[in-house]
Amino acid sequence: MDIPGLINLTPEARRVLDSLRAAGGRPLVVGGSVRDALLSRDRGVVVDSKDIDIEVHGLTTAQVSAALPGHVMEVGQHFGIFSATVGGQVFDVSLPRQESETEAFARRDFTIDAVGWDDRSGEVVDPFGGQRDLAAGLLRHTSTAFGDDPLRVLRAMQFSGRFGFELVPETAQLCRSLTAAFTDLPKARIWGEFYKLASKGTFISRALETLRLSGWEEHFPELAATRGVPQDPEWHPEGNVHVHLGLAGDQAARIARRDHLDAHQTATLVLAAVTHDLGKAVSTVIDANGRITSNGHNITGVEPARTFLRRIGAPGQYENKILPLIREHMCHSPEGHQGTISDSAVRRLIRRLDHANSGPSIEDWARLVESDKAGRGAGARQGVNHLPTWLAKAERLAKEPVVGTTLLKGAALASADIPRGRLWRFVIEQSRDAQDDELFSDEEGAAAWLHAHRDAVVAEAMRRLVAFEAEAERKQ
């Protein structure tokens, strides 16, 4: 099959291809750029294809090195891989170890990536039916060489999340045979696949299903533990917690694109959605009347989420953003009959999120809450949407010069003869609550508040310190 003009090549790309042809080689554009161009053509979807990978046949390593224009580096001595930088664009050029194109393509992971394109003739080289599987939305391995790199299992997961593709049974079986190899994978490579899923994926629930079918979900026990955990059908008719996490992830991806978030922000929101209810695995209770509750799951879910993020190799900045969101995702509905959201409640939430110290913003929090509420089945009970009120109040309060700051300073603590040490932390905690309740609005007022309430504040601080130390000892 010939498809002239399948990819709109840049002048720099044409220069590289023409140079290789002039040296007597047959260069083919391969991999993701061809896959994405075929998807764009067949589905009418615009798919980003900035990177052009080239596989060249009929030349030696020395001939390729001599033929390539621009700044050339050999980056894979044992496999014949070059990097050529031309006009600011970087091109990866590989020489296959096999003589025939079919043998070379057999070493690629999936049939949808084992497709090449000759820019001069327009010929599409497709020895394993990649175009057929693209049209059917299927992920199928090309050969047993798939097992040469076990990371390909996680690549299947992120492909499912990005394109909505299903893993065929025989490939799922092959993936299951590779489960033991997970422990040999560097964390950086694992994170690379999860980052692509979270930042580029729109079918997050499909990705989680592929992770299950592959057998690799067992390597993420915090996530696997939510499978089968029931939920109140009135609020969650979609089914168990694992199903809800996938749907919430789908909604998070949609919201991220609606709000034009960058890749890092998108990955943060999607990962927060996928992990926000991990605590239900330990907090869910079914009473004698069959009522299902998960009280406190926002608190019990913090540590499983932390462990999960570390398993996938997420950088620490993701913990800083995601864990506060999980802890606070249930506070959006105000308590009491009046159902009002006070300025104090907004200030306290902003402070707990700790945006000033690399924590999430209240806008990040609102997006997670929206993802949670939208990621439920049809007919779910709908409560009042308080998010617009939270955000409107936060926007107004953000103009206050002291919002999110701590007005009680060390000098005031020392002046009140409070011994320096851990006790200060719990005195300051109380001062922040008083500050949020507008009992003072400057440092002088904070010092006066402490002076007026010193004995009661110190007594409460001592109580909190004793409780803190007892909990720390219990965890040891």
# chains A, B, ... in the order shown; residues from 1 in each chain; ligands from 1
call {"tool": "select_by_dssp", "arguments": {"residues": "segment 340-391 of chain A", "states": "helix (DSSP H, G or I)", "output": "MDAnalysis selection string"}}
result
chainID A and resid 343:353 355:357 362:374 387:391
call {"tool": "residues_around", "arguments": {"residues": "Arg140 of chain A", "least_positions_apart": "5", "cutoff": "8 Å", "atoms": "only C-alpha atoms", "output": "ChimeraX atom specification"}}
result
/A:110-112,133,167-168,170-171
call {"tool": "write_last_selection", "arguments": {"atoms": "all heavy atoms", "output": "mmCIF file, in the first residue's frame"}}
result
data_model
loop_
_atom_site.group_PDB
_atom_site.id
_atom_site.type_symbol
_atom_site.label_atom_id
_atom_site.label_comp_id
_atom_site.auth_asym_id
_atom_site.auth_seq_id
_atom_site.Cartn_x
_atom_site.Cartn_y
_atom_site.Cartn_z
ATOM 1 N N PHE A 110 5.066 -3.813 19.309
ATOM 2 C CA PHE A 110 3.693 -4.101 18.884
ATOM 3 C C PHE A 110 3.567 -3.948 17.374
ATOM 4 O O PHE A 110 4.307 -3.179 16.747
ATOM 5 C CB PHE A 110 2.704 -3.176 19.593
ATOM 6 C CG PHE A 110 2.725 -3.309 21.086
ATOM 7 C CD1 PHE A 110 3.370 -2.371 21.868
ATOM 8 C CD2 PHE A 110 2.110 -4.391 21.708
ATOM 9 C CE1 PHE A 110 3.412 -2.489 23.246
ATOM 10 C CE2 PHE A 110 2.138 -4.527 23.093
ATOM 11 C CZ PHE A 110 2.795 -3.570 23.858
ATOM 12 N N THR A 111 2.587 -4.624 16.817
ATOM 13 C CA THR A 111 2.380 -4.529 15.370
ATOM 14 C C THR A 111 2.115 -3.088 14.939
ATOM 15 O O THR A 111 2.509 -2.690 13.834
ATOM 16 C CB THR A 111 1.196 -5.406 14.942
ATOM 17 O OG1 THR A 111 0.005 -4.957 15.617
ATOM 18 C CG2 THR A 111 1.443 -6.860 15.264
ATOM 19 N N ILE A 112 1.479 -2.306 15.804
ATOM 20 C CA ILE A 112 1.158 -0.929 15.430
ATOM 21 C C ILE A 112 2.401 -0.059 15.339
ATOM 22 O O ILE A 112 2.356 1.029 14.748
ATOM 23 C CB ILE A 112 0.147 -0.296 16.411
ATOM 24 C CG1 ILE A 112 0.748 -0.199 17.819
ATOM 25 C CG2 ILE A 112 -1.153 -1.060 16.404
ATOM 26 C CD1 ILE A 112 -0.092 0.600 18.788
ATOM 27 N N ASP A 133 -4.466 -3.693 12.949
ATOM 28 C CA ASP A 133 -4.652 -3.584 14.393
ATOM 29 C C ASP A 133 -4.913 -2.143 14.821
ATOM 30 O O ASP A 133 -5.650 -1.907 15.791
ATOM 31 C CB ASP A 133 -3.432 -4.143 15.125
ATOM 32 C CG ASP A 133 -3.371 -5.673 15.071
ATOM 33 O OD1 ASP A 133 -4.420 -6.280 14.791
ATOM 34 O OD2 ASP A 133 -2.282 -6.242 15.300
ATOM 35 N N LEU A 167 -5.678 -4.986 24.798
ATOM 36 C CA LEU A 167 -4.622 -5.997 24.727
ATOM 37 C C LEU A 167 -5.240 -7.316 24.269
ATOM 38 O O LEU A 167 -6.204 -7.801 24.877
ATOM 39 C CB LEU A 167 -4.002 -6.159 26.112
ATOM 40 C CG LEU A 167 -2.631 -6.804 26.258
ATOM 41 C CD1 LEU A 167 -1.571 -5.994 25.529
ATOM 42 C CD2 LEU A 167 -2.273 -6.926 27.741
ATOM 43 N N VAL A 168 -4.715 -7.908 23.194
ATOM 44 C CA VAL A 168 -5.267 -9.179 22.720
ATOM 45 C C VAL A 168 -4.853 -10.285 23.689
ATOM 46 O O VAL A 168 -3.828 -10.189 24.371
ATOM 47 C CB VAL A 168 -4.791 -9.502 21.284
ATOM 48 C CG1 VAL A 168 -5.218 -8.397 20.328
ATOM 49 C CG2 VAL A 168 -3.283 -9.703 21.239
ATOM 50 N N GLU A 170 -3.508 -13.280 23.538
ATOM 51 C CA GLU A 170 -2.191 -13.928 23.443
ATOM 52 C C GLU A 170 -1.064 -13.008 23.913
ATOM 53 O O GLU A 170 -0.066 -13.464 24.490
ATOM 54 C CB GLU A 170 -1.928 -14.425 22.013
ATOM 55 C CG GLU A 170 -1.996 -13.349 20.941
ATOM 56 C CD GLU A 170 -3.381 -13.216 20.319
ATOM 57 O OE1 GLU A 170 -4.386 -13.457 21.020
ATOM 58 O OE2 GLU A 170 -3.440 -12.872 19.113
ATOM 59 N N THR A 171 -1.220 -11.700 23.698
ATOM 60 C CA THR A 171 -0.213 -10.766 24.192
ATOM 61 C C THR A 171 -0.331 -10.598 25.701
ATOM 62 O O THR A 171 0.677 -10.475 26.406
ATOM 63 C CB THR A 171 -0.354 -9.409 23.476
ATOM 64 O OG1 THR A 171 -0.211 -9.607 22.059
ATOM 65 C CG2 THR A 171 0.718 -8.431 23.951
#
call {"tool": "residues_around", "arguments": {"residues": "Ile54 of chain A", "least_positions_apart": "5", "cutoff": "6 Å", "atoms": "only C-alpha atoms", "output": "ChimeraX atom specification"}}
result
/A:28-30,93
call {"tool": "write_last_selection", "arguments": {"atoms": "C-alpha atoms", "output": "PDB file, in the first residue's frame"}}
result
ATOM      1  CA  LEU A  28      12.386   4.195   6.293  1.00  0.00           C
ATOM      2  CA  VAL A  29      10.533   6.416   8.724  1.00  0.00           C
ATOM      3  CA  VAL A  30       9.496   4.033  11.502  1.00  0.00           C
ATOM      4  CA  VAL A  93      18.876   6.771  12.962  1.00  0.00           C
TER       5      VAL A  93
END
call {"tool": "residues_around", "arguments": {"residues": "Gly316 of chain A", "least_positions_apart": "6", "cutoff": "12 Å", "atoms": "only C-alpha atoms", "output": "PDB file with N, CA, C and O atoms, in the first residue's frame"}}
result
ATOM      1  N   THR A 268      -0.147  15.353  37.353  1.00  0.00           N
ATOM      2  CA  THR A 268      -0.458  15.476  38.774  1.00  0.00           C
ATOM      3  C   THR A 268      -1.935  15.209  39.032  1.00  0.00           C
ATOM      4  O   THR A 268      -2.307  14.442  39.929  1.00  0.00           O
ATOM      5  N   ARG A 306       1.341   7.448  48.860  1.00  0.00           N
ATOM      6  CA  ARG A 306       2.773   7.747  48.900  1.00  0.00           C
ATOM      7  C   ARG A 306       3.586   6.538  48.419  1.00  0.00           C
ATOM      8  O   ARG A 306       4.509   6.670  47.607  1.00  0.00           O
ATOM      9  N   THR A 307       3.207   5.353  48.925  1.00  0.00           N
ATOM     10  CA  THR A 307       3.919   4.132  48.536  1.00  0.00           C
ATOM     11  C   THR A 307       3.765   3.858  47.048  1.00  0.00           C
ATOM     12  O   THR A 307       4.729   3.489  46.358  1.00  0.00           O
ATOM     13  N   LEU A 309       3.174   6.027  44.613  1.00  0.00           N
ATOM     14  CA  LEU A 309       3.942   7.002  43.835  1.00  0.00           C
ATOM     15  C   LEU A 309       5.419   6.651  43.834  1.00  0.00           C
ATOM     16  O   LEU A 309       6.120   6.841  42.828  1.00  0.00           O
ATOM     17  N   ARG A 310       5.910   6.127  44.933  1.00  0.00           N
ATOM     18  CA  ARG A 310       7.313   5.727  44.987  1.00  0.00           C
ATOM     19  C   ARG A 310       7.566   4.462  44.187  1.00  0.00           C
ATOM     20  O   ARG A 310       8.627   4.296  43.589  1.00  0.00           O
ATOM     21  N   ILE A 322       0.226  15.806  45.371  1.00  0.00           N
ATOM     22  CA  ILE A 322      -0.881  14.852  45.366  1.00  0.00           C
ATOM     23  C   ILE A 322      -1.359  14.489  46.765  1.00  0.00           C
ATOM     24  O   ILE A 322      -2.577  14.411  47.015  1.00  0.00           O
ATOM     25  N   LEU A 323      -0.448  14.265  47.700  1.00  0.00           N
ATOM     26  CA  LEU A 323      -0.863  13.789  49.022  1.00  0.00           C
ATOM     27  C   LEU A 323      -1.771  14.768  49.750  1.00  0.00           C
ATOM     28  O   LEU A 323      -2.781  14.346  50.351  1.00  0.00           O
ATOM     29  N   SER A 358       5.192  24.576  48.037  1.00  0.00           N
ATOM     30  CA  SER A 358       5.198  23.559  46.978  1.00  0.00           C
ATOM     31  C   SER A 358       4.001  22.610  47.014  1.00  0.00           C
ATOM     32  O   SER A 358       3.950  21.622  46.274  1.00  0.00           O
ATOM     33  N   GLY A 359       3.006  22.911  47.864  1.00  0.00           N
ATOM     34  CA  GLY A 359       1.787  22.116  47.862  1.00  0.00           C
ATOM     35  C   GLY A 359       0.858  22.540  46.737  1.00  0.00           C
ATOM     36  O   GLY A 359       1.143  23.478  45.985  1.00  0.00           O
TER      37      GLY A 359
END
call {"tool": "residues_around", "arguments": {"residues": "Lys196 of chain A", "least_positions_apart": "3", "cutoff": "12 Å", "atoms": "only C-alpha atoms", "output": "JSON, numbers by chain"}}
result
{"A": [154, 155, 156, 157, 158, 159, 160, 161, 162, 163, 189, 190, 191, 192, 193, 199, 200, 201, 202, 204, 207, 263, 264, 266, 267, 268, 270, 271, 314]}
call {"tool": "write_last_selection", "arguments": {"atoms": "C-alpha atoms", "output": "PDB file, in the first residue's frame"}}
result
ATOM      1  CA  LEU A 154       3.977  -0.989  30.849  1.00  0.00           C
ATOM      2  CA  ARG A 155       4.211   0.436  27.359  1.00  0.00           C
ATOM      3  CA  ALA A 156       1.060  -1.549  26.587  1.00  0.00           C
ATOM      4  CA  MET A 157      -0.585   0.084  29.585  1.00  0.00           C
ATOM      5  CA  GLN A 158       0.251   3.606  28.436  1.00  0.00           C
ATOM      6  CA  PHE A 159      -0.749   2.857  24.835  1.00  0.00           C
ATOM      7  CA  SER A 160      -4.126   1.690  26.127  1.00  0.00           C
ATOM      8  CA  GLY A 161      -4.434   4.928  28.075  1.00  0.00           C
ATOM      9  CA  ARG A 162      -3.401   7.144  25.193  1.00  0.00           C
ATOM     10  CA  PHE A 163      -5.257   5.464  22.334  1.00  0.00           C
ATOM     11  CA  ARG A 189      12.028   3.717  33.064  1.00  0.00           C
ATOM     12  CA  ILE A 190       8.904   2.734  35.006  1.00  0.00           C
ATOM     13  CA  TRP A 191       8.167   6.395  35.711  1.00  0.00           C
ATOM     14  CA  GLY A 192       8.643   7.221  32.030  1.00  0.00           C
ATOM     15  CA  GLU A 193       5.701   5.002  31.080  1.00  0.00           C
ATOM     16  CA  SER A 199       0.262  13.370  30.945  1.00  0.00           C
ATOM     17  CA  LYS A 200      -0.969  12.137  27.540  1.00  0.00           C
ATOM     18  CA  GLY A 201      -3.641   9.535  28.283  1.00  0.00           C
ATOM     19  CA  THR A 202      -7.370  10.075  27.926  1.00  0.00           C
ATOM     20  CA  ILE A 204      -7.176   5.968  31.993  1.00  0.00           C
ATOM     21  CA  ALA A 207      -5.047   1.539  30.958  1.00  0.00           C
ATOM     22  CA  ALA A 263       1.997  18.128  30.998  1.00  0.00           C
ATOM     23  CA  HIS A 264       3.187  18.258  34.618  1.00  0.00           C
ATOM     24  CA  THR A 266      -2.044  17.071  33.875  1.00  0.00           C
ATOM     25  CA  ALA A 267       0.035  14.179  35.222  1.00  0.00           C
ATOM     26  CA  THR A 268      -0.458  15.476  38.774  1.00  0.00           C
ATOM     27  CA  VAL A 270      -4.590  12.268  36.751  1.00  0.00           C
ATOM     28  CA  LEU A 271      -2.383  10.514  39.302  1.00  0.00           C
ATOM     29  CA  ALA A 314       7.399   9.539  40.629  1.00  0.00           C
TER      30      ALA A 314
END
call {"tool": "closest_residue", "arguments": {"among": "A:Ala198, A:Cys175, A:Leu139, A:Ala448", "to": "Leu151 of chain A", "atoms": "only C-alpha atoms"}}
result
A:Cys175
call {"tool": "closest_residue", "arguments": {"among": "A:Gly122, A:Pro324, A:Gly164, A:Pro315", "to": "Gly301 of chain A", "atoms": "only C-alpha atoms"}}
result
A:Pro324
call {"tool": "atom_distance", "arguments": {"atom1": "atom CA of Arg107 of chain A", "atom2": "atom CA of Ser121 of chain A"}}
result
24.3 Å
call {"tool": "residues_around", "arguments": {"residues": "Arg367 of chain A", "least_positions_apart": "2", "cutoff": "12 Å", "atoms": "only C-alpha atoms", "output": "count of residues only"}}
result
41
call {"tool": "residues_around", "arguments": {"residues": "segment 176-178 of chain A", "least_positions_apart": "2", "cutoff": "7 Å", "atoms": "only C-alpha atoms", "output": "ChimeraX atom specification"}}
result
/A:150,172-174,180-181,214-215
call {"tool": "write_last_selection", "arguments": {"atoms": "all heavy atoms", "output": "mmCIF file, in the first residue's frame"}}
result
data_model
loop_
_atom_site.group_PDB
_atom_site.id
_atom_site.type_symbol
_atom_site.label_atom_id
_atom_site.label_comp_id
_atom_site.auth_asym_id
_atom_site.auth_seq_id
_atom_site.Cartn_x
_atom_site.Cartn_y
_atom_site.Cartn_z
ATOM 1 N N PRO A 150 11.118 -6.195 29.132
ATOM 2 C CA PRO A 150 9.855 -6.312 29.881
ATOM 3 C C PRO A 150 9.122 -4.989 30.065
ATOM 4 O O PRO A 150 7.921 -4.994 30.353
ATOM 5 C CB PRO A 150 10.307 -6.874 31.233
ATOM 6 C CG PRO A 150 11.625 -7.526 30.975
ATOM 7 C CD PRO A 150 12.266 -6.702 29.897
ATOM 8 N N ALA A 172 -1.565 -10.616 26.214
ATOM 9 C CA ALA A 172 -1.760 -10.561 27.661
ATOM 10 C C ALA A 172 -1.094 -11.759 28.334
ATOM 11 O O ALA A 172 -0.453 -11.628 29.389
ATOM 12 C CB ALA A 172 -3.243 -10.523 27.985
ATOM 13 N N GLN A 173 -1.207 -12.932 27.715
ATOM 14 C CA GLN A 173 -0.581 -14.127 28.270
ATOM 15 C C GLN A 173 0.938 -13.994 28.278
ATOM 16 O O GLN A 173 1.603 -14.372 29.261
ATOM 17 C CB GLN A 173 -0.999 -15.357 27.462
ATOM 18 C CG GLN A 173 -0.449 -16.672 28.003
ATOM 19 C CD GLN A 173 -0.952 -17.870 27.230
ATOM 20 O OE1 GLN A 173 -1.744 -17.732 26.298
ATOM 21 N NE2 GLN A 173 -0.497 -19.056 27.606
ATOM 22 N N LEU A 174 1.490 -13.458 27.212
ATOM 23 C CA LEU A 174 2.940 -13.247 27.152
ATOM 24 C C LEU A 174 3.372 -12.257 28.228
ATOM 25 O O LEU A 174 4.401 -12.452 28.889
ATOM 26 C CB LEU A 174 3.332 -12.740 25.763
ATOM 27 C CG LEU A 174 4.820 -12.422 25.540
ATOM 28 C CD1 LEU A 174 5.691 -13.630 25.869
ATOM 29 C CD2 LEU A 174 5.052 -11.954 24.103
ATOM 30 N N ALA A 180 7.825 -11.560 36.630
ATOM 31 C CA ALA A 180 8.979 -11.594 37.536
ATOM 32 C C ALA A 180 10.055 -10.598 37.126
ATOM 33 O O ALA A 180 10.870 -10.184 37.964
ATOM 34 C CB ALA A 180 9.565 -13.003 37.581
ATOM 35 N N ALA A 181 10.059 -10.194 35.870
ATOM 36 C CA ALA A 181 11.100 -9.282 35.378
ATOM 37 C C ALA A 181 10.889 -7.845 35.827
ATOM 38 O O ALA A 181 11.773 -7.008 35.650
ATOM 39 C CB ALA A 181 11.165 -9.347 33.856
ATOM 40 N N SER A 214 -2.578 -7.816 32.020
ATOM 41 C CA SER A 214 -1.168 -8.168 31.835
ATOM 42 C C SER A 214 -0.597 -8.934 33.014
ATOM 43 O O SER A 214 0.498 -9.502 32.925
ATOM 44 C CB SER A 214 -0.337 -6.896 31.620
ATOM 45 O OG SER A 214 -0.244 -6.157 32.828
ATOM 46 N N GLY A 215 -1.319 -8.920 34.145
ATOM 47 C CA GLY A 215 -0.817 -9.547 35.356
ATOM 48 C C GLY A 215 0.113 -8.675 36.155
ATOM 49 O O GLY A 215 0.551 -9.040 37.251
#
call {"tool": "closest_residue", "arguments": {"among": "A:Leu39, A:Ile350, A:Leu278, A:Val90", "to": "Asp113 of chain A", "atoms": "only C-alpha atoms"}}
result
A:Leu39
call {"tool": "closest_atom_pairs", "arguments": {"of": "segment 172-225 of chain A", "to": "segment 280-297 of chain A", "cutoff": "10 Å", "atoms": "only C-alpha atoms", "output": "Markdown table"}}
result
| residue | atom | partner | partner_atom | distance |
| --- | --- | --- | --- | --- |
| A:Glu222 | CA | A:Ala281 | CA | 8.3 |
| A:Leu223 | CA | A:Ala281 | CA | 9.0 |
| A:Ala224 | CA | A:Ala281 | CA | 9.3 |
| A:Ala225 | CA | A:Ala281 | CA | 5.9 |
call {"tool": "write_last_selection", "arguments": {"atoms": "N, CA, C and O atoms", "output": "PDB file, in the first residue's frame"}}
result
ATOM      1  N   GLU A 222      -1.230  -1.453  46.260  1.00  0.00           N
ATOM      2  CA  GLU A 222      -2.125  -0.414  46.775  1.00  0.00           C
ATOM      3  C   GLU A 222      -3.298  -0.200  45.821  1.00  0.00           C
ATOM      4  O   GLU A 222      -4.436   0.025  46.259  1.00  0.00           O
ATOM      5  N   LEU A 223      -3.022  -0.276  44.529  1.00  0.00           N
ATOM      6  CA  LEU A 223      -4.078  -0.140  43.526  1.00  0.00           C
ATOM      7  C   LEU A 223      -4.896  -1.424  43.427  1.00  0.00           C
ATOM      8  O   LEU A 223      -6.132  -1.396  43.392  1.00  0.00           O
ATOM      9  N   ALA A 224      -4.213  -2.568  43.415  1.00  0.00           N
ATOM     10  CA  ALA A 224      -4.904  -3.852  43.292  1.00  0.00           C
ATOM     11  C   ALA A 224      -5.864  -4.085  44.456  1.00  0.00           C
ATOM     12  O   ALA A 224      -6.909  -4.732  44.287  1.00  0.00           O
ATOM     13  N   ALA A 225      -5.525  -3.551  45.631  1.00  0.00           N
ATOM     14  CA  ALA A 225      -6.349  -3.774  46.825  1.00  0.00           C
ATOM     15  C   ALA A 225      -7.735  -3.152  46.706  1.00  0.00           C
ATOM     16  O   ALA A 225      -8.654  -3.535  47.435  1.00  0.00           O
TER      17      ALA A 225
END
call {"tool": "select_by_dssp", "arguments": {"residues": "segment 135-336 of chain A", "states": "strand (DSSP E)", "output": "list of chain:residue names"}}
result
A:Leu138, A:Leu139, A:Glu166, A:Leu167, A:Val285, A:Ile286, A:Ile292, A:Thr293
call {"tool": "write_last_selection", "arguments": {"atoms": "all heavy atoms", "output": "short mmCIF file (atom, residue, chain, number, x, y, z; two decimals), in the first residue's frame"}}
result
data_model
loop_
_atom_site.label_atom_id
_atom_site.label_comp_id
_atom_site.auth_asym_id
_atom_site.auth_seq_id
_atom_site.Cartn_x
_atom_site.Cartn_y
_atom_site.Cartn_z
N LEU A 138 -6.31 -2.60 18.57
CA LEU A 138 -5.76 -3.76 19.28
C LEU A 138 -4.25 -3.62 19.48
O LEU A 138 -3.54 -3.10 18.61
CB LEU A 138 -6.04 -5.04 18.50
CG LEU A 138 -7.50 -5.41 18.29
CD1 LEU A 138 -7.63 -6.63 17.39
CD2 LEU A 138 -8.20 -5.64 19.62
N LEU A 139 -3.79 -4.12 20.63
CA LEU A 139 -2.36 -4.19 20.92
C LEU A 139 -1.94 -5.65 20.82
O LEU A 139 -2.41 -6.50 21.59
CB LEU A 139 -2.07 -3.66 22.33
CG LEU A 139 -2.19 -2.15 22.53
CD1 LEU A 139 -2.03 -1.81 24.00
CD2 LEU A 139 -1.15 -1.41 21.71
N GLU A 166 -7.09 -2.17 23.15
CA GLU A 166 -7.24 -3.35 23.99
C GLU A 166 -6.09 -4.31 23.75
O GLU A 166 -5.61 -4.46 22.63
CB GLU A 166 -8.56 -4.06 23.68
CG GLU A 166 -9.80 -3.27 24.03
CD GLU A 166 -11.08 -4.05 23.76
OE1 GLU A 166 -10.97 -5.28 23.50
OE2 GLU A 166 -12.15 -3.45 23.79
N LEU A 167 -5.68 -4.99 24.80
CA LEU A 167 -4.62 -6.00 24.73
C LEU A 167 -5.24 -7.32 24.27
O LEU A 167 -6.20 -7.80 24.88
CB LEU A 167 -4.00 -6.16 26.11
CG LEU A 167 -2.63 -6.80 26.26
CD1 LEU A 167 -1.57 -5.99 25.53
CD2 LEU A 167 -2.27 -6.93 27.74
N VAL A 285 -16.43 -0.29 55.50
CA VAL A 285 -17.14 -1.12 56.47
C VAL A 285 -18.57 -1.35 55.98
O VAL A 285 -19.22 -0.42 55.48
CB VAL A 285 -17.17 -0.46 57.87
CG1 VAL A 285 -18.03 -1.27 58.84
CG2 VAL A 285 -15.76 -0.30 58.41
N ILE A 286 -19.06 -2.55 56.13
CA ILE A 286 -20.45 -2.88 55.82
C ILE A 286 -21.13 -3.23 57.14
O ILE A 286 -20.76 -4.20 57.80
CB ILE A 286 -20.56 -4.05 54.84
CG1 ILE A 286 -19.76 -3.76 53.56
CG2 ILE A 286 -22.02 -4.32 54.49
CD1 ILE A 286 -19.73 -4.91 52.58
N ILE A 292 -22.87 0.64 53.42
CA ILE A 292 -21.43 0.69 53.15
C ILE A 292 -20.91 2.09 53.44
O ILE A 292 -21.41 3.08 52.90
CB ILE A 292 -21.14 0.32 51.68
CG1 ILE A 292 -21.71 -1.06 51.36
CG2 ILE A 292 -19.64 0.36 51.41
CD1 ILE A 292 -21.67 -1.40 49.88
N THR A 293 -19.91 2.17 54.29
CA THR A 293 -19.28 3.46 54.60
C THR A 293 -17.77 3.32 54.51
O THR A 293 -17.21 2.22 54.66
CB THR A 293 -19.65 3.96 56.00
OG1 THR A 293 -19.26 2.97 56.97
CG2 THR A 293 -21.15 4.22 56.12
#
call {"tool": "closest_residue", "arguments": {"among": "A:Asp436, A:Asp53, A:Thr179, A:Asp118", "to": "Asp18 of chain A", "atoms": "only C-alpha atoms"}}
result
A:Asp118
